[in-house]
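Peer 1: What follows is run_8.cif; its format and atoms are mmCIF, C-alpha atoms.
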data_query
loop_
_atom_site.label_atom_id
_atom_site.label_comp_id
_atom_site.auth_asym_id
_atom_site.auth_seq_id
_atom_site.Cartn_x
_atom_site.Cartn_y
_atom_site.Cartn_z
CA MET A 283 -6.97 38.83 97.75
CA ARG A 284 -6.40 35.35 98.96
CA SER A 285 -5.71 33.64 95.68
CA GLU A 286 -2.71 34.58 93.58
CA ASP A 287 -3.18 37.45 91.18
CA ARG A 288 -1.31 36.35 88.08
CA ASP A 289 -4.00 35.99 85.40
CA ASP A 290 -6.35 35.76 88.37
CA ARG A 291 -5.81 32.02 88.55
CA LEU A 292 -7.04 30.10 91.51
CA VAL A 293 -4.14 28.64 93.45
CA ILE A 294 -4.62 26.01 96.12
CA ALA A 295 -1.77 24.13 97.77
CA GLY A 296 0.52 25.09 94.94
CA ARG A 297 -1.87 23.91 92.24
CA GLU A 298 -3.18 26.38 89.70
CA PHE A 299 -6.66 26.24 88.28
CA LYS A 300 -8.14 28.25 85.42
CA SER A 301 -11.76 27.84 86.35
CA ARG A 302 -13.37 29.04 89.54
CA LEU A 303 -16.31 26.75 88.98
CA TRP A 304 -15.91 23.25 90.37
CA VAL A 305 -18.52 20.63 89.64
CA GLY A 306 -19.68 17.34 91.03
CA THR A 307 -20.38 14.29 88.90
CA GLY A 308 -23.45 12.87 90.60
CA LYS A 309 -27.15 12.84 89.76
CA TYR A 310 -26.78 12.93 85.99
CA LYS A 311 -28.86 10.85 83.62
CA ASP A 312 -25.82 9.04 82.25
CA PHE A 313 -22.10 9.46 81.69
CA ILE A 314 -22.56 11.20 78.35
CA GLU A 315 -24.65 13.89 79.95
CA THR A 316 -22.11 14.15 82.77
CA GLN A 317 -19.30 14.67 80.33
CA LYS A 318 -21.19 17.24 78.24
CA ALA A 319 -22.27 19.22 81.28
CA ILE A 320 -18.79 19.30 82.73
CA GLU A 321 -17.42 20.48 79.43
CA ALA A 322 -20.08 23.18 79.12
CA SER A 323 -19.26 24.35 82.62
CA GLY A 324 -15.61 24.94 81.80
CA ALA A 325 -14.69 23.41 85.14
CA ASP A 326 -11.27 21.87 85.58
CA VAL A 327 -11.92 20.32 88.98
CA VAL A 328 -14.51 17.59 89.31
CA THR A 329 -15.51 15.78 92.48
CA VAL A 330 -16.16 12.06 92.60
CA ALA A 331 -17.40 9.74 95.30
CA VAL A 332 -15.62 6.63 96.53
CA ARG A 333 -17.58 3.41 96.37
CA ARG A 334 -17.32 -0.35 95.84
CA VAL A 335 -16.79 -1.46 92.28
CA ASN A 336 -19.85 -3.25 90.99
CA ILE A 337 -18.42 -6.72 90.46
CA THR A 338 -21.67 -8.46 89.64
CA ASP A 339 -22.63 -6.17 86.78
CA ARG A 340 -19.41 -5.93 84.84
CA SER A 341 -21.11 -4.30 81.87
CA LYS A 342 -21.32 -1.09 83.89
CA GLU A 343 -19.14 1.56 82.39
CA ASN A 344 -16.60 3.49 84.36
CA LEU A 345 -16.93 7.19 85.01
CA LEU A 346 -13.20 7.60 84.50
CA ASP A 347 -13.63 6.61 80.85
CA TYR A 348 -15.49 9.88 80.40
CA LEU A 349 -13.16 12.17 82.31
CA ASP A 350 -9.79 12.80 80.76
CA PRO A 351 -7.37 12.92 83.72
CA LYS A 352 -5.12 15.24 81.71
CA LYS A 353 -7.94 17.74 81.40
CA TYR A 354 -9.51 17.48 84.83
CA THR A 355 -8.30 17.37 88.39
CA ILE A 356 -10.23 14.58 90.05
CA LEU A 357 -11.14 15.53 93.59
CA PRO A 358 -12.44 12.54 95.53
CA ASN A 359 -14.81 13.26 98.39
CA THR A 360 -15.85 11.32 101.46
CA ALA A 361 -19.53 11.65 100.68
CA GLY A 362 -21.80 9.53 102.85
CA CYS A 363 -19.40 9.40 105.79
CA TYR A 364 -20.89 10.15 109.17
CA THR A 365 -17.97 9.22 111.37
CA VAL A 366 -14.33 10.20 111.63
CA GLU A 367 -13.39 6.57 111.13
CA ASP A 368 -15.34 6.24 107.89
CA ALA A 369 -14.16 9.57 106.49
CA VAL A 370 -10.52 8.69 107.16
CA ARG A 371 -10.97 5.21 105.71
CA TYR A 372 -12.61 6.54 102.55
CA ALA A 373 -9.99 9.25 102.14
CA ARG A 374 -7.22 6.65 102.35
CA LEU A 375 -8.98 4.48 99.80
CA ALA A 376 -9.47 7.46 97.53
CA ARG A 377 -5.78 8.20 97.62
CA ALA A 378 -4.92 4.58 96.93
CA ALA A 379 -7.33 4.49 93.96
CA GLY A 380 -6.42 7.81 92.53
CA VAL A 381 -3.53 9.93 91.58
CA SER A 382 -3.19 12.66 94.17
CA ASP A 383 -3.31 13.54 97.84
CA LEU A 384 -6.30 15.82 97.37
CA VAL A 385 -9.45 15.01 99.24
CA LYS A 386 -12.66 16.89 99.81
CA LEU A 387 -13.42 15.91 103.36
CA GLU A 388 -17.02 15.44 104.41
CA VAL A 389 -18.03 14.27 107.85
CA ILE A 390 -21.79 14.54 107.91
CA GLY A 391 -23.61 15.28 111.13
CA ASP A 392 -27.24 15.01 110.18
CA GLU A 393 -29.20 12.99 107.65
CA ARG A 394 -31.83 15.55 106.78
CA THR A 395 -29.72 18.64 106.37
CA LEU A 396 -26.43 16.88 105.53
CA PHE A 397 -24.73 19.60 107.55
CA PRO A 398 -21.19 18.77 108.56
CA ASP A 399 -20.31 17.42 111.97
CA THR A 400 -17.70 20.08 112.53
CA ALA A 401 -16.12 18.41 115.55
CA GLY A 402 -15.66 15.21 113.58
CA LEU A 403 -14.52 17.19 110.57
CA ILE A 404 -11.73 18.86 112.52
CA GLU A 405 -10.65 15.55 114.03
CA ALA A 406 -10.61 13.77 110.69
CA ALA A 407 -8.81 16.67 109.05
CA LYS A 408 -6.06 16.55 111.70
CA ILE A 409 -5.50 12.83 111.08
CA LEU A 410 -5.43 13.15 107.32
CA ILE A 411 -3.19 16.21 107.28
CA GLN A 412 -0.70 14.30 109.38
CA GLU A 413 -0.77 11.54 106.76
CA GLY A 414 0.10 14.03 104.04
CA PHE A 415 -3.32 14.58 102.55
CA ILE A 416 -4.32 17.91 101.06
CA VAL A 417 -7.59 18.37 102.88
CA LEU A 418 -10.32 20.58 101.50
CA PRO A 419 -13.01 20.49 104.18
CA TYR A 420 -16.73 20.82 103.54
CA THR A 421 -17.72 23.00 106.46
CA ASN A 422 -20.57 25.20 107.65
CA ASP A 423 -20.84 28.98 107.81
CA ASP A 424 -19.14 29.30 111.19
CA PRO A 425 -16.03 31.48 110.95
CA VAL A 426 -14.64 29.96 114.16
CA VAL A 427 -14.67 26.50 112.62
CA ALA A 428 -13.25 27.83 109.37
CA LYS A 429 -10.33 29.36 111.22
CA LYS A 430 -9.69 26.14 113.15
CA LEU A 431 -9.56 24.19 109.91
CA VAL A 432 -7.03 26.59 108.46
CA ASP A 433 -4.97 26.59 111.65
CA ILE A 434 -4.62 22.82 111.55
CA GLY A 435 -3.41 22.93 107.96
CA CYS A 436 -6.27 22.95 105.47
CA PRO A 437 -5.13 24.95 102.43
CA ALA A 438 -8.68 26.09 101.67
CA VAL A 439 -12.12 25.91 103.25
CA MET A 440 -15.42 25.02 101.66
CA PRO A 441 -18.33 26.55 103.52
CA LEU A 442 -21.80 25.52 102.47
CA ALA A 443 -24.21 28.07 101.06
CA ALA A 444 -27.23 25.98 102.03
CA PRO A 445 -28.03 22.27 102.48
CA ILE A 446 -26.79 20.02 99.71
CA GLY A 447 -29.22 19.93 96.82
CA SER A 448 -31.53 22.49 98.41
CA GLY A 449 -31.05 25.17 95.77
CA LEU A 450 -31.50 27.87 98.39
CA GLY A 451 -28.41 29.86 97.49
CA ILE A 452 -26.36 31.66 100.11
CA ARG A 453 -28.38 31.48 103.29
CA ASN A 454 -25.92 33.37 105.46
CA PRO A 455 -24.08 35.95 103.39
CA TYR A 456 -23.00 37.81 106.52
CA ASN A 457 -21.16 34.81 107.88
CA LEU A 458 -19.69 34.09 104.50
CA LYS A 459 -18.30 37.62 104.41
CA ILE A 460 -16.89 37.17 107.89
CA ILE A 461 -15.24 33.92 106.86
CA LEU A 462 -13.73 35.71 103.87
CA GLU A 463 -12.26 38.29 106.22
CA THR A 464 -11.18 35.75 108.82
CA VAL A 465 -9.16 33.25 106.82
CA ASN A 466 -6.31 33.92 104.45
CA VAL A 467 -6.77 30.84 102.30
CA PRO A 468 -9.09 30.30 99.34
CA VAL A 469 -12.76 29.99 100.21
CA ILE A 470 -14.80 27.74 97.96
CA VAL A 471 -18.52 28.02 98.44
CA ASP A 472 -19.85 24.50 98.29
CA ALA A 473 -23.42 23.14 98.32
CA GLY A 474 -26.82 24.72 98.08
CA VAL A 475 -26.40 26.79 94.96
CA GLY A 476 -29.64 26.84 92.97
CA THR A 477 -29.21 28.97 89.92
CA ALA A 478 -26.76 31.27 88.17
CA SER A 479 -27.37 34.35 90.31
CA ASP A 480 -26.48 32.38 93.45
CA ALA A 481 -23.10 31.56 91.98
CA ALA A 482 -22.53 35.10 90.79
CA LEU A 483 -23.37 36.43 94.24
CA ALA A 484 -20.94 34.10 95.93
CA MET A 485 -18.19 35.40 93.69
CA GLU A 486 -19.26 39.02 94.20
CA TYR A 487 -18.89 38.57 97.94
CA GLY A 488 -15.33 37.57 97.31
CA ALA A 489 -15.42 33.78 97.28
CA ASP A 490 -12.55 32.24 95.38
CA ALA A 491 -14.58 29.52 93.73
CA VAL A 492 -17.92 27.77 93.80
CA LEU A 493 -18.59 24.03 93.83
CA MET A 494 -21.95 22.71 92.74
CA ASN A 495 -23.56 19.53 91.56
CA THR A 496 -27.34 19.43 91.91
CA ALA A 497 -27.78 22.96 90.55
CA ILE A 498 -26.51 21.70 87.23
CA ALA A 499 -27.39 18.01 87.19
CA GLY A 500 -30.90 18.65 88.51
CA ALA A 501 -31.73 21.49 86.14
CA LYS A 502 -34.24 20.85 83.36
CA ASP A 503 -31.44 21.38 80.85
CA PRO A 504 -28.21 20.53 82.66
CA ILE A 505 -25.93 21.43 79.81
CA ALA A 506 -27.49 24.87 79.41
CA MET A 507 -27.31 25.41 83.16
CA ALA A 508 -23.68 24.39 83.17
CA GLU A 509 -22.97 27.08 80.64
CA ALA A 510 -24.97 29.60 82.64
CA MET A 511 -22.92 28.77 85.70
CA LYS A 512 -19.70 29.22 83.81
CA TYR A 513 -20.69 32.76 82.90
CA ALA A 514 -22.15 33.47 86.33
CA VAL A 515 -18.95 32.57 88.14
CA HIS A 516 -16.91 34.52 85.66
CA ALA A 517 -19.19 37.57 85.80
CA GLY A 518 -19.27 37.52 89.58
CA ARG A 519 -15.51 37.34 89.77
CA LEU A 520 -15.03 40.19 87.29
CA ALA A 521 -17.55 42.32 89.17
CA TYR A 522 -15.78 41.64 92.44
CA ARG A 523 -12.45 42.66 91.01
CA ALA A 524 -13.96 45.68 89.26
CA GLY A 525 -15.12 47.17 92.56
CA ARG A 526 -18.84 47.89 92.74
CA ILE A 527 -20.44 51.23 93.53
CA PRO A 528 -21.75 51.75 97.05
CA ARG A 529 -25.42 51.32 97.84
CA LYS A 530 -27.15 54.64 98.44
CA LEU A 531 -30.57 55.48 99.72
CA TYR A 532 -30.99 58.46 97.45
CA ALA A 533 -30.23 59.18 93.83
CA THR A 534 -27.04 60.68 92.52
CA ALA A 535 -27.73 62.09 89.07
CA SER A 536 -25.58 60.74 86.29
CA SER A 537 -25.96 63.80 84.06
CA PRO A 538 -24.68 67.33 84.87
CA ILE A 539 -27.06 70.15 85.66
CA GLU A 540 -24.90 72.61 83.78
CA GLY A 541 -26.26 73.29 80.31
CA MET A 542 -29.87 72.66 81.28
CA LEU A 543 -32.35 75.02 79.64
CA MET B 293 -1.83 -27.08 89.26
CA LYS B 294 -5.15 -26.06 90.77
CA GLY B 295 -5.09 -25.27 94.47
CA GLU B 296 -7.92 -25.93 96.90
CA ASP B 297 -10.93 -23.72 96.83
CA ILE B 298 -11.08 -21.17 99.60
CA GLU B 299 -13.88 -18.86 100.56
CA ILE B 300 -13.39 -15.13 100.71
CA ARG B 301 -15.63 -12.09 100.68
CA VAL B 302 -15.36 -9.58 97.88
CA ASN B 303 -17.29 -6.34 98.25
CA GLY B 304 -19.54 -8.03 100.74
CA GLU B 305 -20.28 -11.06 98.57
CA VAL B 306 -19.03 -14.58 99.29
CA ARG B 307 -16.74 -15.91 96.61
CA GLN B 308 -14.80 -19.12 95.98
CA VAL B 309 -11.27 -18.73 94.72
CA ASN B 310 -8.25 -20.96 94.36
CA SER B 311 -5.93 -20.90 97.33
CA GLY B 312 -2.74 -19.19 96.29
CA GLN B 313 -4.57 -16.68 94.15
CA THR B 314 -3.22 -13.18 94.47
CA VAL B 315 -5.04 -9.87 94.54
CA ALA B 316 -3.88 -9.32 90.96
CA ASP B 317 -5.32 -12.70 89.93
CA LEU B 318 -8.64 -11.76 91.48
CA LEU B 319 -8.73 -8.44 89.64
CA ARG B 320 -7.94 -10.19 86.38
CA GLU B 321 -10.70 -12.72 87.01
CA LEU B 322 -13.13 -9.85 87.61
CA ALA B 323 -11.81 -7.94 84.58
CA ILE B 324 -10.98 -4.94 86.73
CA ARG B 325 -8.13 -2.65 85.79
CA PRO B 326 -5.70 -2.46 88.71
CA ASP B 327 -4.73 1.12 87.92
CA ARG B 328 -8.23 2.39 88.64
CA VAL B 329 -9.00 0.82 91.96
CA ALA B 330 -7.94 0.70 95.55
CA VAL B 331 -7.93 -2.67 97.27
CA GLU B 332 -8.50 -3.12 100.97
CA LEU B 333 -7.74 -6.51 102.46
CA ASN B 334 -9.02 -7.12 105.98
CA LEU B 335 -9.30 -3.38 106.55
CA GLU B 336 -5.76 -2.72 105.35
CA ILE B 337 -5.06 -0.99 102.07
CA VAL B 338 -2.90 -3.05 99.73
CA ASP B 339 -0.32 -1.06 97.81
CA ARG B 340 -0.75 -1.35 94.07
CA GLN B 341 2.79 -2.70 93.72
CA GLU B 342 1.83 -5.54 96.08
CA PHE B 343 -1.14 -6.78 94.04
CA GLU B 344 0.89 -9.45 92.26
CA ARG B 345 2.57 -10.64 95.45
CA ARG B 346 -0.26 -10.52 97.97
CA GLY B 347 -1.93 -13.90 98.29
CA LEU B 348 -5.51 -14.48 99.37
CA ARG B 349 -6.40 -16.69 102.32
CA HIS B 350 -9.57 -18.32 103.53
CA GLY B 351 -11.85 -15.84 105.25
CA ASP B 352 -10.22 -12.77 103.75
CA ARG B 353 -12.46 -9.75 103.26
CA VAL B 354 -11.60 -7.85 100.14
CA GLU B 355 -12.94 -4.45 99.19
CA ILE B 356 -12.38 -3.22 95.66
CA ILE B 357 -13.00 0.51 95.52
CA SER B 358 -13.18 3.03 92.75
CA PHE B 359 -14.59 6.45 91.91
CA ILE B 360 -18.19 7.02 90.91
CA GLY B 361 -20.21 10.04 90.07
CA GLY B 362 -20.95 12.12 93.13
CA GLY B 363 -20.92 15.70 94.32
CA ASN B 364 -21.84 15.72 97.92
CA SER B 365 -23.44 13.16 100.17
CA GLN B 366 -26.65 11.85 98.67
CA SER B 367 -29.48 14.02 99.73
CA SER B 368 -32.52 12.88 101.61
CA ALA B 369 -33.22 16.41 102.72
CA VAL B 370 -36.64 18.00 102.88
CA SER B 371 -37.93 19.28 99.57
CA THR B 372 -37.85 23.05 99.23
CA GLN B 373 -41.38 22.99 97.84
CA ARG B 374 -42.61 22.40 101.37
CA MET B 375 -41.30 25.79 102.42
CA GLY B 376 -43.80 28.60 102.07
CA PHE B 377 -41.57 31.65 102.06
CA ALA B 378 -40.32 33.60 99.09
CA LEU B 379 -36.61 33.54 98.54
CA THR B 380 -34.74 36.75 97.90
CA ALA B 381 -31.11 37.29 97.05
CA ASP B 382 -30.55 40.10 99.45
CA CYS B 383 -27.59 41.45 101.32
#
Please, can you express the file's structure as structure tokens?
Peer 2:
Amino acid sequence: MRSEDRDDRLVIAGREFKSRLWVGTGKYKDFIETQKAIEASGADVVTVAVRRVNITDRSKENLLDYLDPKKYTILPNTAGCYTVEDAVRYARLARAAGVSDLVKLEVIGDERTLFPDTAGLIEAAKILIQEGFIVLPYTNDDPVVAKKLVDIGCPAVMPLAAPIGSGLGIRNPYNLKIILETVNVPVIVDAGVGTASDAALAMEYGADAVLMNTAIAGAKDPIAMAEAMKYAVHAGRLAYRAGRIPRKLYATASSPIEGML
Amino acid sequence: MKGEDIEIRVNGEVRQVNSGQTVADLLRELAIRPDRVAVELNLEIVDRQEFERRGLRHGDRVEIISFIGGGNSQSSAVSTQRMGFALTADC
């Protein structure tokens, strides 16, 4: 098992987390809903994007007013960055604005799928790791790329299940399983989760955590979905650790024949 | 004593400020808490401890950055409703 066993806590780069469900903060109706959904999810890591402060409309509230930094680990991402230069710039700004060296690194390669540009991702990761960042890379389902990211110093990898916001669930479970066997760092399935069973499946395959945003924020009842996801991730993890029965083509009776009339 | 007005850019917008104003002065004027933002001045990040000391000059480009709600890059991806196949959770 890649993550430490004590109380089955998730450990990444020396940091311990209770929850294996990580959530994004985008696409909600308002900050109140964001806060309620995050609380219902039980998540203790939340991702945020890095953007210009709105200086013309000063009445706009601040997301950070709704997220207690003592309760949550804020994980800034480089969402919207399509080049190495931009991703590195945004990561540096995130560190300057925030409180830690953690960054979820996104270098996007394509507008329609939002798949990562893995070459750019590796390049940006190298630069940031050298500058002391703790880089959690949003990557694809290629085990070769996942291994490269770990080899250059990423303490975890975040392979996508499916395109961001697509709700398709795990599109390539075989590759995900290979990644889980290939790397010896935590694997956080990120992007594309649609509903609770997708999250449970990810955990049953052996993923260490799941990150989602649209699956919750875009649900008809986000707060209810957040709660569903909390249970799904927990159930999936318990099932994984419990060791499932094998799949068989034919039946194996559960009751003895002895004593039949 | 009021200094001359100089022109700078803040978050892409042109702005007049007094010459001799510091980054910290600008943040105060904008009612922005310094502990929640990063400031980039002419593509260089200004350390928070330098806000009070760093003066602004004519033509400076200032970016004031903070965190907003976001999970992953904003999606403009094709809607799944356009796909005709049934989805199964199968492995």
Peer 1: Could you list, as a ChimeraX atom specification, every residue within 6 Å of range 506-508 of chain A, counting only C-alpha atoms and ignoring same-chain residues fewer than 3 positions away?
Peer 2: /A:319,322-323,498,503,511
Peer 1: Using all atoms listed in the file and a cut-off of 7 Å, which residues of chain A sit close to chain B? Please list them as a ChimeraX atom specification.
Peer 2: /A:306-308,329-335,337,345,361-362,375,378-380,393-395,446-448,455,495
Peer 1: Just to confirm, what's the straight-line distance from CA of Gly435 in chain A to CA of Ile404 in chain A in Å (one decimal)?
Peer 2: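 Those two atoms sit 10.3 Å apart.
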Peer 1: Just say which residues the PyMOL selection byres ((chain A and resi 483) around 10) picks in this file, as a list in words.
Peer 2: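 Selected by the PyMOL selection byres ((chain A and resi 483) around 10) here: Gly451, Ile452, Pro455, Ala478, Ser479, Asp480, Ala481, Ala482, Ala484, Met485, Glu486, Tyr487, Gly488, Ala489, Ala514, Val515, Ala517, Gly518, Arg519, Ala521 and Tyr522 of chain A; Ala381, Asp382 and Cys383 of chain B.
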Peer 1: The PyMOL selection byres ((chain A and resi 442) around 6) - which residues does that actually catch in the file I just gave you? List them as a list in words.
Peer 2: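 Here the PyMOL selection byres ((chain A and resi 442) around 6) matches Asn422, Pro441, Ala443, Ala444, Val471, Asp472 and Ala473 of chain A.
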Peer 1: Any idea what's packed within 10 Å of Glu342 in chain B, counting only C-alpha atoms, ignoring anything in its chain fewer than 3 positions away? Could you give it as a compact mmCIF listing (two decimals) with C-alpha atoms, keeping the file's coordinate frame?
Peer 2:
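Produced file part.txt, reproduced below:
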# COMPACT_ATOMS: atom_id res chain seq x y z
CA THR B 314 -3.22 -13.18 94.47
CA VAL B 315 -5.04 -9.87 94.54
CA ALA B 316 -3.88 -9.32 90.96
CA VAL B 338 -2.90 -3.05 99.73
CA ASP B 339 -0.32 -1.06 97.81
CA ARG B 345 2.57 -10.64 95.45
CA ARG B 346 -0.26 -10.52 97.97
CA GLY B 347 -1.93 -13.90 98.29
Peer 1: Using all atoms listed in the file, which protein or nucleic acid residues come within 10 Å of Gln308 in chain B? Drop anything in the same chain fewer than 2 positions from it, and give the result as a list in words.
Peer 2: Glu296, Asp297, Ile298, Glu299, Ile300, Arg301, Val302, Val306, Asn310, Ser311 and His350 of chain B
Peer 1: Taking the file as I've supplied it (selection: the PyMOL selection byres ((chain A and resi 373) around 9)), which residues are included? Please answer as a list of chain:residue names.
Peer 2: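 Those residues are A:Val332, A:Pro358, A:Asn359, A:Thr360, A:Asp368, A:Ala369, A:Val370, A:Arg371, A:Tyr372, A:Arg374, A:Leu375, A:Ala376, A:Arg377, A:Ala378, A:Leu384, A:Val385, A:Lys386, A:Leu387, A:Leu410, A:Phe415.
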Peer 1: For CA of Asn334 in chain B and CA of Tyr364 in chain A, determine how far apart the two atoms are, in Å to one decimal place.
Peer 2: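 If I compute the distance from CA of Asn334 in chain B to CA of Tyr364 in chain A, I get 21.2 Å.
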Peer 1: Work out how far CA of Asp290 in chain A is from CA of Glu321 in chain A, in Å to one decimal.
Peer 2: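 That distance, rounded to one decimal, is 20.9 Å.
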Peer 1: Which residues, written as a CSV table (one decimal) with C-alpha atoms, in the coordinates of the input, have at least one atom at most 7 Å from Leu303 in chain A, with only C-alpha atoms counted and residues fewer than 2 positions away on the same chain left out?
Peer 2:
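Okay, this is what ended up in part23.csv:
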chain,number,residue,atom,x,y,z
A,301,SER,CA,-11.8,27.8,86.4
A,305,VAL,CA,-18.5,20.6,89.6
A,325,ALA,CA,-14.7,23.4,85.1
A,491,ALA,CA,-14.6,29.5,93.7
A,492,VAL,CA,-17.9,27.8,93.8
A,493,LEU,CA,-18.6,24.0,93.8
A,512,LYS,CA,-19.7,29.2,83.8
A,515,VAL,CA,-19.0,32.6,88.1
Peer 1: Can you complete the atoms of range 313-336 of chain A to N, CA and C atoms and list them as a compact mmCIF listing (two decimals), in the coordinates of the input?
Peer 2:
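Final file, out-v5.txt:
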# COMPACT_ATOMS: atom_id res chain seq x y z
N PHE A 313 -23.45 8.93 81.76
CA PHE A 313 -22.10 9.46 81.69
C PHE A 313 -21.91 10.46 80.55
N ILE A 314 -22.66 10.26 79.47
CA ILE A 314 -22.56 11.20 78.35
C ILE A 314 -23.01 12.59 78.80
N GLU A 315 -24.13 12.60 79.48
CA GLU A 315 -24.65 13.89 79.95
C GLU A 315 -23.66 14.51 80.95
N THR A 316 -23.10 13.67 81.80
CA THR A 316 -22.11 14.15 82.77
C THR A 316 -20.96 14.84 82.04
N GLN A 317 -20.45 14.15 81.06
CA GLN A 317 -19.30 14.67 80.33
C GLN A 317 -19.64 15.99 79.62
N LYS A 318 -20.79 16.03 78.98
CA LYS A 318 -21.19 17.24 78.24
C LYS A 318 -21.39 18.41 79.19
N ALA A 319 -22.01 18.14 80.32
CA ALA A 319 -22.27 19.22 81.28
C ALA A 319 -20.96 19.76 81.85
N ILE A 320 -20.07 18.86 82.17
CA ILE A 320 -18.79 19.30 82.73
C ILE A 320 -18.04 20.14 81.71
N GLU A 321 -18.11 19.71 80.46
CA GLU A 321 -17.42 20.48 79.43
C GLU A 321 -18.06 21.86 79.25
N ALA A 322 -19.38 21.90 79.27
CA ALA A 322 -20.08 23.18 79.12
C ALA A 322 -19.78 24.11 80.29
N SER A 323 -19.50 23.53 81.43
CA SER A 323 -19.26 24.35 82.62
C SER A 323 -17.87 24.98 82.60
N GLY A 324 -16.97 24.42 81.82
CA GLY A 324 -15.61 24.94 81.80
C GLY A 324 -14.81 24.59 83.05
N ALA A 325 -15.37 23.75 83.89
CA ALA A 325 -14.69 23.41 85.14
C ALA A 325 -13.43 22.60 84.86
N ASP A 326 -12.40 22.77 85.70
CA ASP A 326 -11.27 21.87 85.58
C ASP A 326 -11.04 21.06 86.85
N VAL A 327 -11.94 21.20 87.82
CA VAL A 327 -11.92 20.32 88.98
C VAL A 327 -13.27 19.64 89.07
N VAL A 328 -13.26 18.31 89.16
CA VAL A 328 -14.51 17.59 89.31
C VAL A 328 -14.43 16.68 90.53
N THR A 329 -15.51 16.65 91.30
CA THR A 329 -15.51 15.78 92.48
C THR A 329 -16.13 14.43 92.13
N VAL A 330 -15.63 13.42 92.79
CA VAL A 330 -16.16 12.06 92.60
C VAL A 330 -16.33 11.43 93.97
N ALA A 331 -17.21 10.46 94.05
CA ALA A 331 -17.40 9.74 95.30
C ALA A 331 -16.62 8.43 95.24
N VAL A 332 -16.42 7.85 96.39
CA VAL A 332 -15.62 6.63 96.53
C VAL A 332 -16.54 5.50 96.92
N ARG A 333 -16.64 4.49 96.06
CA ARG A 333 -17.58 3.41 96.37
C ARG A 333 -17.03 2.07 95.89
N ARG A 334 -17.68 0.99 96.32
CA ARG A 334 -17.32 -0.35 95.84
C ARG A 334 -17.52 -0.45 94.34
N VAL A 335 -16.61 -1.14 93.69
CA VAL A 335 -16.79 -1.46 92.28
C VAL A 335 -17.93 -2.46 92.18
N ASN A 336 -18.76 -2.31 91.19
CA ASN A 336 -19.85 -3.25 90.99
C ASN A 336 -19.30 -4.49 90.30
